[in-house]
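**Student:** File follows, work.txt with compact mmCIF, C-alpha atoms (C1' of nucleotides):
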# COMPACT_ATOMS: atom_id res chain seq x y z
CA MET A 1 -39.96 -0.02 4.62
CA LYS A 2 -36.38 0.77 5.62
CA GLY A 3 -34.15 0.00 2.66
CA LYS A 4 -30.52 -0.11 1.67
CA LYS A 5 -29.56 1.91 -1.39
CA LEU A 6 -27.79 -0.04 -4.12
CA ASN A 7 -24.28 1.32 -4.76
CA ARG A 8 -22.24 1.60 -7.94
CA ASP A 9 -20.64 -1.82 -7.40
CA PHE A 10 -24.06 -3.42 -7.82
CA PHE A 11 -24.45 -1.95 -11.29
CA ALA A 12 -20.87 -2.87 -12.23
CA GLN A 13 -21.77 -6.57 -12.17
CA PRO A 14 -22.45 -8.55 -15.37
CA THR A 15 -25.64 -7.15 -16.92
CA LEU A 16 -27.65 -10.38 -16.87
CA GLN A 17 -26.98 -10.67 -13.14
CA VAL A 18 -27.99 -7.06 -12.54
CA ALA A 19 -31.20 -7.62 -14.51
CA ARG A 20 -32.08 -10.67 -12.39
CA LYS A 21 -31.08 -9.15 -9.07
CA LEU A 22 -33.08 -5.97 -9.67
CA LEU A 23 -36.28 -8.01 -9.41
CA GLY A 24 -37.83 -7.44 -5.97
CA LYS A 25 -35.83 -4.22 -5.42
CA TYR A 26 -37.54 -0.85 -5.15
CA LEU A 27 -37.23 2.08 -7.54
CA VAL A 28 -37.49 5.30 -5.52
CA LEU A 29 -37.89 8.89 -6.70
CA LYS A 30 -37.77 11.84 -4.32
CA GLN A 31 -38.86 15.09 -5.88
CA ASN A 32 -40.52 18.26 -4.55
CA GLY A 33 -41.11 16.60 -1.19
CA ILE A 34 -42.99 13.75 -2.83
CA LYS A 35 -41.76 10.17 -2.63
CA LEU A 36 -42.69 7.71 -5.34
CA SER A 37 -41.69 4.06 -5.23
CA GLY A 38 -42.47 0.69 -6.74
CA LYS A 39 -41.15 -2.85 -6.70
CA ILE A 40 -39.31 -3.86 -9.85
CA VAL A 41 -41.03 -6.92 -11.31
CA GLU A 42 -39.76 -7.01 -14.91
CA THR A 43 -36.45 -6.13 -16.61
CA GLU A 44 -34.60 -6.65 -19.87
CA ALA A 45 -30.84 -6.76 -20.50
CA TYR A 46 -29.05 -5.12 -23.45
CA VAL A 47 -25.43 -6.17 -23.61
CA GLY A 48 -22.52 -5.02 -25.73
CA LYS A 49 -22.32 -3.65 -29.24
CA GLU A 50 -22.79 -7.12 -30.75
CA ASP A 51 -26.34 -7.28 -29.38
CA PRO A 52 -28.38 -6.39 -32.50
CA ALA A 53 -31.33 -5.18 -30.40
CA SER A 54 -29.26 -2.75 -28.32
CA HIS A 55 -29.09 0.96 -28.99
CA ALA A 56 -25.33 0.52 -28.65
CA PHE A 57 -25.28 -1.87 -31.63
CA GLY A 58 -22.60 -0.76 -34.07
CA LYS A 59 -20.94 2.54 -33.42
CA VAL A 60 -20.93 5.26 -30.78
CA THR A 61 -23.51 8.03 -31.28
CA PRO A 62 -24.56 10.99 -29.12
CA ARG A 63 -27.56 9.03 -27.92
CA ASN A 64 -25.90 5.77 -26.90
CA GLN A 65 -22.63 7.10 -25.50
CA ILE A 66 -24.07 7.05 -21.98
CA MET A 67 -24.19 3.26 -22.29
CA TYR A 68 -20.40 3.32 -22.68
CA GLY A 69 -20.01 5.36 -19.52
CA PRO A 70 -19.55 4.19 -15.91
CA PRO A 71 -22.28 2.07 -14.26
CA GLY A 72 -25.01 3.40 -12.00
CA TYR A 73 -26.38 6.12 -14.28
CA THR A 74 -29.70 6.37 -16.07
CA TYR A 75 -30.23 6.18 -19.81
CA ILE A 76 -33.59 7.62 -20.87
CA TYR A 77 -34.77 7.56 -24.45
CA PHE A 78 -37.85 8.76 -26.25
CA ILE A 79 -39.69 6.22 -28.40
CA TYR A 80 -42.58 6.09 -30.86
CA GLY A 81 -43.21 9.81 -30.57
CA ASN A 82 -44.98 9.36 -27.25
CA TYR A 83 -43.12 7.52 -24.55
CA TYR A 84 -39.95 7.45 -22.49
CA CYS A 85 -38.12 4.36 -21.28
CA LEU A 86 -35.88 4.06 -18.21
CA ASN A 87 -32.59 2.14 -18.29
CA PHE A 88 -29.75 1.64 -15.81
CA VAL A 89 -26.24 1.64 -17.26
CA THR A 90 -24.26 -1.44 -16.18
CA GLU A 91 -20.74 -2.88 -16.29
CA LYS A 92 -17.48 -1.01 -16.47
CA ALA A 93 -16.89 2.16 -18.45
CA GLY A 94 -16.07 1.42 -22.08
CA PHE A 95 -18.41 -1.57 -22.31
CA PRO A 96 -21.90 -0.58 -23.52
CA ALA A 97 -24.69 -2.28 -21.57
CA ALA A 98 -27.90 -1.42 -19.75
CA VAL A 99 -30.97 -2.86 -18.08
CA LEU A 100 -34.41 -1.67 -19.20
CA ILE A 101 -36.94 -1.36 -16.38
CA ARG A 102 -40.14 -2.75 -17.89
CA ALA A 103 -42.61 -2.92 -15.01
CA LEU A 104 -43.17 -1.98 -11.38
CA GLU A 105 -45.61 -2.81 -8.62
CA PRO A 106 -46.65 0.63 -7.24
CA ARG A 107 -45.92 1.12 -3.55
CA GLU A 108 -45.58 4.72 -2.34
CA GLY A 109 -47.10 7.84 -3.92
CA ILE A 110 -49.79 5.92 -5.75
CA LYS A 111 -52.08 8.93 -5.71
CA THR A 112 -49.50 11.01 -7.60
CA MET A 113 -49.04 8.17 -10.10
CA HIS A 114 -52.76 8.08 -10.78
CA LYS A 115 -52.66 11.81 -11.44
CA ASN A 116 -49.63 11.56 -13.75
CA ARG A 117 -51.16 8.69 -15.69
CA ASP A 118 -54.73 9.94 -15.69
CA SER A 119 -55.76 6.38 -14.91
CA LEU A 120 -57.87 4.91 -12.14
CA ASP A 121 -56.79 1.31 -12.61
CA LEU A 122 -53.97 0.32 -10.23
CA LYS A 123 -52.88 -2.62 -12.36
CA ASN A 124 -52.58 -0.34 -15.39
CA LEU A 125 -50.33 2.21 -13.68
CA THR A 126 -46.79 0.90 -14.14
CA ASN A 127 -47.07 -2.40 -16.05
CA GLY A 128 -44.97 -1.30 -19.02
CA PRO A 129 -41.79 0.73 -19.68
CA GLY A 130 -43.62 3.73 -21.12
CA LYS A 131 -46.31 3.62 -18.44
CA LEU A 132 -43.98 3.60 -15.45
CA CYS A 133 -42.09 6.61 -16.78
CA GLN A 134 -45.37 8.48 -17.17
CA ALA A 135 -46.46 7.48 -13.65
CA PHE A 136 -43.14 8.70 -12.17
CA GLY A 137 -43.03 11.80 -14.39
CA ILE A 138 -39.74 10.72 -15.93
CA ASP A 139 -38.68 12.53 -19.11
CA ARG A 140 -35.51 13.55 -20.98
CA SER A 141 -34.30 15.68 -18.08
CA PHE A 142 -33.77 12.46 -16.09
CA ASN A 143 -31.14 11.23 -18.56
CA THR A 144 -27.60 10.61 -17.17
CA CYS A 145 -28.92 10.84 -13.62
CA ASP A 146 -26.61 9.41 -10.90
CA LEU A 147 -28.37 6.49 -9.19
CA THR A 148 -26.15 6.78 -6.11
CA ALA A 149 -27.52 10.25 -5.36
CA ASN A 150 -30.56 10.88 -3.17
CA PHE A 151 -32.93 11.70 -6.02
CA LEU A 152 -33.61 8.64 -8.15
CA PHE A 153 -32.22 5.38 -6.79
CA VAL A 154 -32.89 1.70 -6.06
CA GLU A 155 -33.38 0.16 -2.63
CA ASP A 156 -33.00 -3.35 -1.29
CA ARG A 157 -35.79 -3.81 1.25
CA GLY A 158 -34.81 -7.36 2.11
CA GLU A 159 -37.40 -9.08 -0.06
CA LYS A 160 -36.34 -12.41 -1.48
CA VAL A 161 -37.40 -13.40 -4.98
CA ASP A 162 -36.92 -16.98 -6.10
CA ASN A 163 -39.68 -17.46 -8.68
CA ILE A 164 -38.04 -15.77 -11.66
CA GLY A 165 -39.11 -16.45 -15.22
CA ASN A 166 -37.35 -15.46 -18.43
CA SER A 167 -38.25 -15.09 -22.09
CA GLU A 168 -37.29 -13.33 -25.29
CA ARG A 169 -37.31 -9.55 -25.17
CA ILE A 170 -40.40 -7.62 -26.20
CA GLY A 171 -40.99 -5.23 -29.08
CA ILE A 172 -37.81 -6.04 -31.00
CA TYR A 173 -37.19 -7.99 -34.17
CA ARG A 174 -33.49 -8.70 -33.99
CA GLY A 175 -31.73 -10.62 -31.27
CA ILE A 176 -34.87 -12.47 -30.18
CA ASP A 177 -32.79 -15.61 -29.70
CA ARG A 178 -31.37 -14.00 -26.58
CA LYS A 179 -33.78 -14.72 -23.72
CA TRP A 180 -32.81 -11.68 -21.69
CA ARG A 181 -36.18 -10.60 -20.32
CA PHE A 182 -36.63 -11.43 -16.63
CA PHE A 183 -39.80 -11.17 -14.54
CA ILE A 184 -41.38 -12.33 -11.30
CA LEU A 185 -43.69 -15.25 -12.01
CA ASN A 186 -47.39 -14.82 -11.23
CA ASN A 187 -47.02 -11.11 -10.49
CA ASN A 188 -50.01 -9.06 -11.61
CA PHE A 189 -47.92 -6.06 -12.59
CA VAL A 190 -45.74 -7.70 -15.22
CA SER A 191 -46.45 -6.14 -18.63
CA LYS A 192 -48.79 -7.89 -21.01
CA ILE A 193 -47.28 -10.38 -23.38
CA ARG A 194 -47.27 -9.30 -27.01
CA SER A 195 -49.87 -11.20 -29.01
C1' DT B 1 -31.66 18.24 -45.87
C1' DA B 2 -34.80 14.23 -46.45
C1' DT B 3 -36.23 9.81 -45.21
C1' DT B 4 -37.19 5.95 -42.39
C1' DG B 5 -38.17 3.09 -38.62
C1' DG B 6 -38.49 2.30 -33.56
C1' DA B 7 -36.67 -1.49 -26.34
C1' DT B 8 -44.93 1.64 -26.86
C1' DC B 9 -49.63 2.36 -25.74
C1' DG B 10 -54.50 2.69 -26.23
C1' DC B 11 -58.27 2.49 -28.97
C1' DC B 12 -60.59 0.43 -33.21
C1' DG C 1 -55.06 -5.10 -35.40
C1' DC C 2 -53.42 -0.39 -36.29
C1' DG C 3 -52.44 4.58 -36.01
C1' DA C 4 -50.41 8.47 -33.28
C1' DT C 5 -46.34 11.06 -33.16
C1' DC C 6 -41.29 12.69 -33.10
C1' DC C 7 -36.60 11.96 -32.55
C1' DA C 8 -32.19 9.80 -33.86
C1' DA C 9 -29.65 7.71 -37.19
C1' DT C 10 -28.60 7.09 -41.84
C1' DA C 11 -28.05 8.33 -46.65
C1' DG C 12 -27.32 11.64 -50.19
Before anything else, please render the file you have as structure tokens.
**Tutor:**
Amino acid sequence: MKGKKLNRDFFAQPTLQVARKLLGKYLVLKQNGIKLSGKIVETEAYVGKEDPASHAFGKVTPRNQIMYGPPGYTYIYFIYGNYYCLNFVTEKAGFPAAVLIRALEPREGIKTMHKNRDSLDLKNLTNGPGKLCQAFGIDRSFNTCDLTANFLFVEDRGEKVDNIGNSERIGIYRGIDRKWRFFILNNNFVSKIRS
DNA sequence: TATTGGATCGCC
DNA sequence: GCGATCCAATAG
């Protein structure tokens, strides 16, 4: 259970590497004396302003400028009128890139997650980007949060992951030729594949 | 100022 | 398979 917090150098690596290496690490949130955590089992990479699926595609806007900032910060956005998605900014300042956290395997604070999600099904708690934000209570106020602080961060708990699969990214229509979704094979908490 | 479409989810 | 629901980005 003892873990080592990932530092800013980790997030400064090439985005595809960060996306792969995040698998098997633990997302931890400490808030109001409550600790929530879950193992990261699915990620997606969004790299550069030439990636047509990235929010940083094209020019700088108020929303995507955080992706141009230094690595190790969060980028939260609101989507479809209902849901938030959690991203980690990667690579050096000036280069827009981020990793979307798509699914977790709940570990600590599961009771709180059930309450936040109003769901009794463990497998349905954090198996999607909108769901895990709801389970952790993540909203707009978590945007531009420093991942090296002691609030929201990622831990290496020494778990090795070697069975990694990859595929095209989900829910987008452009840039599907880039197979930049990564997930742990045969894990029950990976989000459902789009039909 | 108006319009449009989206890195989703849950229910039909 | 489709609607809910609202914000950000464009166009005018």
**Student:** Show me, as a list in words, the residues of chain C whose atoms get within 9 Å of chain A, using only C-alpha atoms (C1' of nucleotides) for the distance check.
**Tutor:** DA4, DT5, DC6, DC7, DA8 and DA9 of chain C
**Student:** Any chance you could export the current selection's C-alpha atoms (C1' of nucleotides) as a compact mmCIF listing (two decimals), in the coordinates of the input?
**Tutor:**
# COMPACT_ATOMS: atom_id res chain seq x y z
C1' DA C 4 -50.41 8.47 -33.28
C1' DT C 5 -46.34 11.06 -33.16
C1' DC C 6 -41.29 12.69 -33.10
C1' DC C 7 -36.60 11.96 -32.55
C1' DA C 8 -32.19 9.80 -33.86
C1' DA C 9 -29.65 7.71 -37.19
**Student:** Residues at most 12 Å from Asn186 of chain A, counting all atoms listed in the file, excluding those fewer than 6 positions away in the same chain, as a PDB file with C-alpha atoms, in the frame of the given file?
**Tutor:**
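Okay, selection37.pdb is ready:
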ATOM      1  CA  VAL A  41     -41.030  -6.920 -11.310  1.00  0.00           C
ATOM      2  CA  GLU A  42     -39.760  -7.010 -14.910  1.00  0.00           C
ATOM      3  CA  VAL A 161     -37.400 -13.400  -4.980  1.00  0.00           C
ATOM      4  CA  ASP A 162     -36.920 -16.980  -6.100  1.00  0.00           C
ATOM      5  CA  ASN A 163     -39.680 -17.460  -8.680  1.00  0.00           C
ATOM      6  CA  ILE A 164     -38.040 -15.770 -11.660  1.00  0.00           C
ATOM      7  CA  GLY A 165     -39.110 -16.450 -15.220  1.00  0.00           C
TER       8      GLY A 165
END
**Student:** Let me make sure I understand: among A:Val154, A:Cys133, A:Ala53, A:Met113, which one has the smallest atom-to-atom distance to DG6 of chain B if we use only C-alpha atoms (C1' of nucleotides)?
**Tutor:**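 For DG6 of chain B, the nearest of the given residues is A:Ala53.
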**Student:** Between atom CA of Phe183 of chain A and atom CA of Asp156 of chain A, what is the distance in Å, rounded to a tenth?
**Tutor:**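 Going from atom CA of Phe183 of chain A over to atom CA of Asp156 of chain A covers 16.8 Å.
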**Student:** Could the residues of chain A within 10 Å of chain B, counting only C-alpha atoms (C1' of nucleotides), be given as a ChimeraX atom specification, please?
**Tutor:** /A:44-46,53-55,77-87,100-102,128-131,169-172
**Student:** Atom CA of Ile66 of chain A and atom CA of Leu104 of chain A, how far apart in Å?
**Tutor:** 23.6 Å
**Student:** For the atom pair atom CA of Pro71 of chain A and atom CA of Val28 of chain A, what is the interatomic distance in Å to one decimal place?
**Tutor:**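 For atom CA of Pro71 of chain A relative to atom CA of Val28 of chain A, the distance reads 17.8 Å.
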**Student:** Residues at most 12 Å from Ser119 of chain A, counting all atoms listed in the file, excluding those fewer than 5 positions away in the same chain, as a PyMOL selection string?
**Tutor:** (chain A and resi 110-114+124-126+131+134-135) or (chain B and resi 10)
**Student:** Restricted to C-alpha atoms (C1' of nucleotides), what would the selected residues look like written as a CSV table (one decimal), in the frame of the given file?
**Tutor:**
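Dumped everything to selection21.csv:
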chain,number,residue,atom,x,y,z
A,110,ILE,CA,-49.8,5.9,-5.8
A,111,LYS,CA,-52.1,8.9,-5.7
A,112,THR,CA,-49.5,11.0,-7.6
A,113,MET,CA,-49.0,8.2,-10.1
A,114,HIS,CA,-52.8,8.1,-10.8
A,124,ASN,CA,-52.6,-0.3,-15.4
A,125,LEU,CA,-50.3,2.2,-13.7
A,126,THR,CA,-46.8,0.9,-14.1
A,131,LYS,CA,-46.3,3.6,-18.4
A,134,GLN,CA,-45.4,8.5,-17.2
A,135,ALA,CA,-46.5,7.5,-13.6
B,10,DG,C1',-54.5,2.7,-26.2
**Student:** Give me the residues near Gln17 of chain A as a short mmCIF file (atom, residue, chain, number, x, y, z; two decimals) with C-alpha atoms, keeping the file's coordinate frame, where near means some atom within 12 Å (using all atoms listed in the file) and where sequence neighbours in that chain fewer than 6 positions away do not count.
**Tutor:**
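Once written, around-v7.cif looks like this:
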data_model
loop_
_atom_site.label_atom_id
_atom_site.label_comp_id
_atom_site.auth_asym_id
_atom_site.auth_seq_id
_atom_site.Cartn_x
_atom_site.Cartn_y
_atom_site.Cartn_z
CA PHE A 10 -24.06 -3.42 -7.82
CA PHE A 11 -24.45 -1.95 -11.29
CA LEU A 23 -36.28 -8.01 -9.41
CA THR A 43 -36.45 -6.13 -16.61
CA GLU A 44 -34.60 -6.65 -19.87
CA ALA A 45 -30.84 -6.76 -20.50
CA TYR A 46 -29.05 -5.12 -23.45
CA VAL A 47 -25.43 -6.17 -23.61
CA THR A 90 -24.26 -1.44 -16.18
CA GLU A 91 -20.74 -2.88 -16.29
CA ALA A 98 -27.90 -1.42 -19.75
CA VAL A 99 -30.97 -2.86 -18.08
CA TRP A 180 -32.81 -11.68 -21.69
CA ARG A 181 -36.18 -10.60 -20.32
CA PHE A 182 -36.63 -11.43 -16.63
#
**Student:** Centre and edge lengths of an axis-aligned box around all listed atoms of segment 26-43 of chain A, with 3 Å added on each side, are to be given in Å to one decimal, as lines of an AutoDock Vina configuration file.
**Tutor:**
center_x = -39.7
center_y = 5.6
center_z = -8.9
size_x = 12.5
size_y = 31.3
size_z = 21.4
